>>> print(open('query35.csv').read())   # CSV, C-alpha atoms
chain,number,residue,atom,x,y,z
G,29,MET,CA,112.1,263.2,52.8
G,30,THR,CA,112.6,262.1,49.2
G,31,ASP,CA,109.5,262.1,47.1
G,32,ASN,CA,110.1,260.0,43.9
G,33,GLY,CA,106.5,260.0,42.9
G,34,HIS,CA,103.0,258.7,43.8
G,35,ILE,CA,102.3,255.0,43.1
G,36,LEU,CA,98.9,253.3,43.3
G,37,ILE,CA,98.8,249.6,44.0
G,38,VAL,CA,95.6,247.8,43.0
G,39,ASP,CA,95.5,244.2,44.4
G,40,ASP,CA,92.9,242.4,46.4
G,41,GLN,CA,95.5,240.6,48.5
G,42,GLN,CA,96.4,242.9,51.5
G,43,GLU,CA,99.7,241.1,52.1
G,44,ILE,CA,100.9,241.9,48.6
G,45,CYS,CA,99.9,245.5,49.0
G,46,ASP,CA,101.7,245.7,52.4
G,47,VAL,CA,105.0,244.2,51.1
G,48,VAL,CA,105.1,246.2,47.9
G,49,GLN,CA,104.2,249.4,49.8
G,50,GLU,CA,107.0,248.8,52.3
G,51,TYR,CA,109.6,248.4,49.5
G,52,LEU,CA,108.4,251.4,47.5
G,53,THR,CA,108.2,253.6,50.6
G,54,GLY,CA,111.7,252.6,51.4
G,55,GLU,CA,112.8,253.9,48.0
G,56,GLY,CA,111.1,257.3,48.5
G,57,TYR,CA,107.8,256.7,46.8
G,58,ARG,CA,104.4,257.8,48.2
G,59,VAL,CA,102.0,254.8,48.0
G,60,SER,CA,98.3,254.4,47.9
G,61,THR,CA,96.5,251.1,47.8
G,62,ALA,CA,93.1,249.8,46.5
G,63,HIS,CA,91.6,246.4,46.3
G,64,ASP,CA,89.3,246.7,43.3
G,65,GLY,CA,88.3,249.0,40.5
G,66,THR,CA,86.0,251.0,42.7
G,67,GLY,CA,88.8,251.7,45.2
G,68,MET,CA,91.1,252.6,42.3
G,69,ARG,CA,88.7,255.2,41.0
G,70,ARG,CA,88.4,256.6,44.6
G,71,VAL,CA,92.1,257.1,44.8
G,72,LEU,CA,92.4,258.6,41.3
G,73,GLY,CA,89.6,261.0,42.2
G,74,GLN,CA,91.7,262.4,45.1
G,75,GLY,CA,94.6,263.5,42.9
G,76,PRO,CA,97.1,262.4,40.2
G,77,VAL,CA,99.3,259.3,40.5
G,78,ASP,CA,102.5,258.7,38.6
G,79,LEU,CA,102.1,255.0,38.1
G,80,VAL,CA,99.6,252.2,38.7
G,81,ILE,CA,100.6,248.6,39.7
G,82,LEU,CA,97.5,246.6,38.7
G,83,ASP,CA,96.7,243.0,39.5
G,84,LEU,CA,94.7,241.2,36.7
G,85,MET,CA,92.8,239.0,39.1
G,86,LEU,CA,90.5,241.5,40.9
G,87,PRO,CA,87.0,240.9,42.4
G,88,GLY,CA,84.2,242.3,40.4
G,89,LEU,CA,85.7,244.0,37.3
G,90,ASP,CA,88.8,242.1,36.3
G,91,GLY,CA,92.1,243.9,35.8
G,92,LEU,CA,91.8,244.0,32.0
G,93,GLU,CA,88.4,245.8,32.2
G,94,VAL,CA,89.8,248.2,34.8
G,95,MET,CA,92.7,248.9,32.5
G,96,ARG,CA,90.4,249.5,29.5
G,97,ARG,CA,88.5,252.1,31.5
G,98,LEU,CA,91.7,253.7,32.8
G,99,ARG,CA,93.0,254.0,29.2
G,100,ALA,CA,89.6,255.4,28.1
G,101,LEU,CA,90.0,258.1,30.8
G,102,ASP,CA,93.5,258.8,29.4
G,103,GLU,CA,92.2,259.4,25.9
G,104,GLY,CA,89.7,262.1,27.1
G,105,SER,CA,92.1,263.8,29.5
G,106,VAL,CA,94.7,266.5,29.2
G,107,ARG,CA,96.8,265.0,31.9
G,108,PRO,CA,99.8,262.8,31.0
G,109,ARG,CA,99.1,259.1,30.3
G,110,VAL,CA,99.5,257.1,33.5
G,111,PRO,CA,102.0,254.2,33.2
G,112,ILE,CA,100.7,250.8,34.2
G,113,ILE,CA,102.6,247.7,35.4
G,114,LEU,CA,100.5,244.5,35.4
G,115,LEU,CA,100.7,241.8,38.1
G,116,THR,CA,99.8,238.4,36.5
G,117,ALA,CA,99.9,234.7,37.4
G,118,ARG,CA,102.1,232.3,35.5
G,119,GLY,CA,99.3,230.8,33.5
G,120,GLU,CA,97.9,234.1,32.2
G,121,GLU,CA,100.0,234.6,29.1
G,122,SER,CA,97.0,235.4,26.9
G,123,ASP,CA,95.9,238.1,29.4
G,124,ARG,CA,99.4,239.6,29.4
G,125,VAL,CA,99.3,239.9,25.7
G,126,VAL,CA,95.9,241.6,25.8
G,127,GLY,CA,97.2,243.9,28.5
G,128,LEU,CA,100.2,244.9,26.4
G,129,ARG,CA,97.9,245.6,23.5
G,130,LEU,CA,95.7,247.7,25.7
G,131,GLY,CA,98.8,249.8,26.5
G,132,ALA,CA,100.4,248.3,29.6
G,133,ASP,CA,104.0,249.5,30.0
G,134,ASP,CA,105.3,246.3,31.7
G,135,TYR,CA,104.2,243.2,33.6
G,136,VAL,CA,105.5,241.1,36.5
G,137,VAL,CA,104.6,237.5,37.0
G,138,LYS,CA,103.6,236.3,40.5
G,139,PRO,CA,105.3,235.2,42.6
G,140,PHE,CA,107.8,238.1,42.1
G,141,SER,CA,110.7,239.7,43.9
G,142,PRO,CA,109.7,243.0,45.4
G,143,ASN,CA,113.2,244.4,44.5
G,144,GLU,CA,112.6,243.4,40.9
G,145,LEU,CA,109.2,245.2,40.9
G,146,VAL,CA,110.7,248.3,42.4
G,147,ALA,CA,113.4,248.2,39.7
G,148,ARG,CA,110.7,248.1,37.0
G,149,VAL,CA,108.8,250.9,38.6
G,150,ASP,CA,112.0,253.0,38.5
G,151,ALA,CA,112.6,252.1,34.8
G,152,VAL,CA,109.1,252.8,33.6
G,153,LEU,CA,109.1,256.2,35.4
G,154,ARG,CA,112.4,257.1,33.9
G,155,ARG,CA,111.1,256.4,30.4
G,156,ALA,CA,107.9,258.4,31.2
G,157,ASP,CA,110.0,261.4,32.3
G,158,PRO,CA,110.7,263.8,29.4
G,159,ASN,CA,113.7,265.2,31.4
G,160,GLU,CA,115.4,261.8,31.3
G,161,ALA,CA,116.5,262.2,27.7
G,162,ALA,CA,120.2,262.3,27.2
G,163,GLY,CA,121.8,265.7,27.5
G,164,GLY,CA,122.4,267.8,24.5
G,165,HIS,CA,120.2,268.5,21.4
G,166,GLN,CA,118.8,265.3,19.9
G,167,ALA,CA,118.2,265.9,16.2
G,168,PRO,CA,115.1,264.4,14.5
G,169,LEU,CA,115.7,261.2,12.5
G,170,GLU,CA,114.6,261.2,8.9
G,171,LEU,CA,114.3,257.7,7.7
G,172,GLY,CA,112.3,257.4,4.5
G,173,ASP,CA,108.7,258.2,5.2
G,174,VAL,CA,109.3,258.0,9.0
G,175,ARG,CA,110.4,261.0,11.1
G,176,ILE,CA,111.2,260.6,14.7
G,177,GLU,CA,111.7,263.5,17.1
G,178,PRO,CA,113.5,262.2,20.2
G,179,GLU,CA,113.1,265.4,22.3
G,180,SER,CA,109.4,265.7,21.8
G,181,ARG,CA,109.0,261.9,21.7
G,182,ARG,CA,106.8,262.1,18.6
G,183,ALA,CA,106.9,260.0,15.5
G,184,PHE,CA,105.4,260.8,12.1
G,185,VAL,CA,104.7,258.5,9.2
G,186,ARG,CA,104.0,260.0,5.8
G,187,GLY,CA,103.4,263.3,7.5
G,188,GLU,CA,100.9,262.0,10.0
G,189,GLU,CA,101.7,261.6,13.7
G,190,ALA,CA,101.6,258.0,15.0
G,191,ALA,CA,99.9,257.5,18.3
G,192,LEU,CA,102.6,255.5,20.1
G,193,THR,CA,102.8,254.4,23.7
G,194,GLN,CA,106.0,255.1,25.6
G,195,ARG,CA,107.4,251.7,25.1
G,196,GLU,CA,106.5,251.6,21.5
G,197,PHE,CA,108.3,254.9,21.0
G,198,ASP,CA,111.4,253.6,22.9
G,199,LEU,CA,111.5,250.5,20.7
G,200,LEU,CA,111.1,252.4,17.5
G,201,LEU,CA,113.7,255.0,18.4
G,202,PHE,CA,116.3,252.3,19.4
G,203,LEU,CA,115.9,250.4,16.2
G,204,ALA,CA,115.8,253.5,14.1
G,205,ARG,CA,119.1,254.7,15.6
G,206,HIS,CA,120.7,251.5,14.3
G,207,PRO,CA,119.3,251.2,10.8
G,208,GLY,CA,119.9,247.9,9.1
G,209,ARG,CA,121.3,246.2,12.2
G,210,VAL,CA,119.6,243.1,13.4
G,211,PHE,CA,118.8,242.7,17.2
G,212,SER,CA,117.6,239.6,18.9
G,213,ARG,CA,114.6,239.8,21.3
G,214,ASP,CA,117.0,239.3,24.2
G,215,GLN,CA,119.1,242.3,23.0
G,216,LEU,CA,116.0,244.4,22.6
G,217,MET,CA,114.8,243.5,26.1
G,218,ASP,CA,118.2,244.5,27.5
G,219,ALA,CA,118.4,247.7,25.6
G,220,VAL,CA,114.8,249.0,25.6
G,221,TRP,CA,113.3,247.3,28.7
G,222,GLN,CA,116.6,247.4,30.5
G,223,TYR,CA,116.2,243.9,32.0
G,224,SER,CA,119.0,241.7,30.9
G,225,PHE,CA,117.6,239.0,33.3
G,226,TYR,CA,114.1,239.2,31.8
G,227,SER,CA,113.2,235.7,30.5
G,228,ASP,CA,109.9,236.2,28.7
G,229,THR,CA,110.7,238.0,25.5
G,230,SER,CA,107.3,237.5,23.9
G,231,THR,CA,106.5,241.1,24.9
G,232,VAL,CA,109.0,242.2,22.1
G,233,THR,CA,107.0,240.4,19.5
G,234,VAL,CA,103.8,242.0,20.8
G,235,HIS,CA,105.3,245.5,20.6
G,236,ILE,CA,106.7,244.9,17.1
G,237,ARG,CA,103.3,243.8,16.0
G,238,ARG,CA,101.6,246.9,17.5
G,239,LEU,CA,104.3,249.2,16.0
G,240,ARG,CA,103.8,247.7,12.5
G,241,ALA,CA,100.0,248.3,12.8
G,242,LYS,CA,100.8,252.0,13.4
G,243,ILE,CA,103.6,252.8,11.0
G,244,GLU,CA,103.5,250.3,8.1
G,245,SER,CA,101.4,250.8,5.0
G,246,ASP,CA,100.8,247.0,5.0
G,247,PRO,CA,101.6,245.4,8.4
G,248,ALA,CA,101.5,242.0,6.8
G,249,GLU,CA,104.3,243.0,4.4
G,250,PRO,CA,106.4,245.4,6.6
G,251,GLN,CA,108.9,247.6,4.9
G,252,HIS,CA,110.5,249.2,8.0
G,253,LEU,CA,110.2,246.8,10.9
G,254,GLN,CA,111.5,243.6,9.3
G,255,THR,CA,111.8,240.1,10.8
G,256,VAL,CA,115.1,238.3,10.3
G,257,TRP,CA,113.9,234.7,10.8
G,258,GLY,CA,115.8,232.9,13.6
G,259,VAL,CA,117.6,236.1,14.6
G,260,GLY,CA,115.4,239.0,15.5
G,261,TYR,CA,114.3,242.4,14.1
G,262,ARG,CA,115.8,245.3,12.2
G,263,PHE,CA,114.6,248.8,11.1
G,264,GLN,CA,115.0,249.3,7.4
G,265,PRO,CA,114.8,252.9,6.2
>>> encode(input="query35.csv", output="C-alpha cells")
Amino acid sequence: MTDNGHILIVDDQQEICDVVQEYLTGEGYRVSTAHDGTGMRRVLGQGPVDLVILDLMLPGLDGLEVMRRLRALDEGSVRPRVPIILLTARGEESDRVVGLRLGADDYVVKPFSPNELVARVDAVLRRADPNEAAGGHQAPLELGDVRIEPESRRAFVRGEEAALTQREFDLLLFLARHPGRVFSRDQLMDAVWQYSFYSDTSTVTVHIRRLRAKIESDPAEPQHLQTVWGVGYRFQP
C-alpha cells in the first residue's frame, strides 16, 4: 500500500476529522487525529508526523497558542520543521495573519473542499521535500549582498544566514530568479503557492513583509524586495 506520509489532523469536530481522514487515506496518507492540544502532544509523542492540519478554534488552548508551542519545539529540536496548514473560519483574517507570521505554511478557510485541502497538503509536502528540487545542479544565486543556495535551501544576507521558512525561501528564490521583473500577487500565488484559483492574496503581502524583516537592512526602505504600487513586487539586486 502506498505511504505518502503521516498527517495529523487537530480539530474538535469529529465529522471534519472523519471526512478529511477519508480523503487523505484515499490518497495514500497515514492519518492520526486529535481534538485539542493535549491530544496533539500525545500523537506527536508517539512518533514523527510529516504535516499538521490545525484548526484555530480549539477547546482549551486555541490553535494559535498550540502553534506557538509547536514552533517552540521545532526550535529546540534536531528533527525537520513540521509543516502546518491552518483551518480557519471566514471572519478570522487577523488570526490567519498571526498564524502566517508564526510560521504556518498555508491555510484553508471553512467551509472547504476536501479535494482542495488534499491538493494543498500535496503541495506543502512537495515544497518541504529536498528531493523535489528540479533535476541537475542548481548554482547559487549571487545578487548583491544576497546569496541563495537552491540545493541546500539556504539564503545568506551580508554573509549571515537568514532563518527563512519554507514558503519564505520559495518566494525569495522565485523573485530572485527573475530580477527586476514585476509580479502581481495573483501571479506569485500561482507560481509559488501553486494555486491559480486561490482568491485571498493577502498572504503574499504577509510573506513579503516577513522576508523584508529578515533580509533588508531597513525593512521600511527595502532595497531588494520592492513594491511597485498598483502592480506587485519585484526583486532588485
>>> closest_residue(input="query35.csv", among="G:Ala241, G:Leu203, G:Val220, G:Val94", to="Val185 of chain G", atoms="all atoms listed in the file")
G:Ala241
>>> closest_residue(input="query35.csv", among="G:Ser60, G:Gln215, G:Thr53, G:Ser245", to="Val38 of chain G", atoms="all atoms listed in the file")
G:Ser60
>>> residues_around(input="query35.csv", residues="Gln42 of chain G", least_positions_apart="4", cutoff="10 Å", atoms="all atoms listed in the file", output="VMD selection string")
chain G and resid 38 46 to 48 61 to 63
>>> atom_distance(input="query35.csv", atom1="atom CA of Glu179 of chain G", atom2="atom CA of Asn32 of chain G")
22.5 Å
>>> closest_residue(input="query35.csv", among="G:Gly88, G:Arg195, G:Leu169, G:Arg262", to="Arg213 of chain G", atoms="all atoms listed in the file")
G:Arg262
>>> build_atoms(input="query35.csv", residues="segment 129-157 of chain G", atoms="N, CA and C atoms", output="CSV table (one decimal), keeping the file's coordinate frame")
chain,number,residue,atom,x,y,z
G,129,ARG,N,98.6,244.9,24.6
G,129,ARG,CA,97.9,245.6,23.5
G,129,ARG,C,97.1,246.7,23.9
G,130,LEU,N,96.5,246.6,25.1
G,130,LEU,CA,95.7,247.7,25.7
G,130,LEU,C,96.6,248.9,26.1
G,131,GLY,N,97.9,248.7,26.2
G,131,GLY,CA,98.8,249.8,26.5
G,131,GLY,C,99.5,249.7,27.8
G,132,ALA,N,99.6,248.5,28.4
G,132,ALA,CA,100.4,248.3,29.6
G,132,ALA,C,101.9,248.6,29.3
G,133,ASP,N,102.6,249.1,30.2
G,133,ASP,CA,104.0,249.5,30.0
G,133,ASP,C,104.9,248.3,30.4
G,134,ASP,N,104.5,247.4,31.3
G,134,ASP,CA,105.3,246.3,31.7
G,134,ASP,C,104.4,245.3,32.4
G,135,TYR,N,104.9,244.1,32.7
G,135,TYR,CA,104.2,243.2,33.6
G,135,TYR,C,105.2,242.4,34.4
G,136,VAL,N,104.7,242.0,35.6
G,136,VAL,CA,105.5,241.1,36.5
G,136,VAL,C,104.7,239.9,36.8
G,137,VAL,N,105.3,238.7,36.8
G,137,VAL,CA,104.6,237.5,37.0
G,137,VAL,C,104.8,237.1,38.5
G,138,LYS,N,103.6,236.8,39.1
G,138,LYS,CA,103.6,236.3,40.5
G,138,LYS,C,104.1,234.8,40.5
G,139,PRO,N,104.8,234.4,41.6
G,139,PRO,CA,105.3,235.2,42.6
G,139,PRO,C,106.5,236.0,42.1
G,140,PHE,N,106.7,237.2,42.6
G,140,PHE,CA,107.8,238.1,42.1
G,140,PHE,C,108.7,238.6,43.3
G,141,SER,N,109.8,239.0,42.9
G,141,SER,CA,110.7,239.7,43.9
G,141,SER,C,110.3,241.1,44.0
G,142,PRO,N,110.1,241.6,45.3
G,142,PRO,CA,109.7,243.0,45.4
G,142,PRO,C,110.8,243.9,44.9
G,143,ASN,N,112.1,243.5,45.0
G,143,ASN,CA,113.2,244.4,44.5
G,143,ASN,C,113.1,244.5,43.0
G,144,GLU,N,112.7,243.4,42.3
G,144,GLU,CA,112.6,243.4,40.9
G,144,GLU,C,111.4,244.4,40.5
G,145,LEU,N,110.3,244.3,41.2
G,145,LEU,CA,109.2,245.2,40.9
G,145,LEU,C,109.6,246.7,41.1
G,146,VAL,N,110.3,247.0,42.2
G,146,VAL,CA,110.7,248.3,42.4
G,146,VAL,C,111.6,248.8,41.3
G,147,ALA,N,112.5,247.9,40.8
G,147,ALA,CA,113.4,248.2,39.7
G,147,ALA,C,112.6,248.5,38.4
G,148,ARG,N,111.5,247.8,38.2
G,148,ARG,CA,110.7,248.1,37.0
G,148,ARG,C,109.9,249.4,37.1
G,149,VAL,N,109.5,249.7,38.4
G,149,VAL,CA,108.8,250.9,38.6
G,149,VAL,C,109.8,252.1,38.3
G,150,ASP,N,111.0,252.0,38.7
G,150,ASP,CA,112.0,253.0,38.5
G,150,ASP,C,112.2,253.2,37.0
G,151,ALA,N,112.3,252.0,36.2
G,151,ALA,CA,112.6,252.1,34.8
G,151,ALA,C,111.5,252.7,34.0
G,152,VAL,N,110.2,252.3,34.4
G,152,VAL,CA,109.1,252.8,33.6
G,152,VAL,C,108.9,254.3,33.9
G,153,LEU,N,109.2,254.7,35.1
G,153,LEU,CA,109.1,256.2,35.4
G,153,LEU,C,110.2,257.0,34.7
G,154,ARG,N,111.4,256.4,34.6
G,154,ARG,CA,112.4,257.1,33.9
G,154,ARG,C,112.0,257.3,32.4
G,155,ARG,N,111.5,256.2,31.8
G,155,ARG,CA,111.1,256.4,30.4
G,155,ARG,C,109.9,257.4,30.2
G,156,ALA,N,109.1,257.5,31.3
G,156,ALA,CA,107.9,258.4,31.2
G,156,ALA,C,108.3,259.8,31.4
G,157,ASP,N,109.5,260.1,32.0
G,157,ASP,CA,110.0,261.4,32.3
G,157,ASP,C,110.7,262.1,31.1
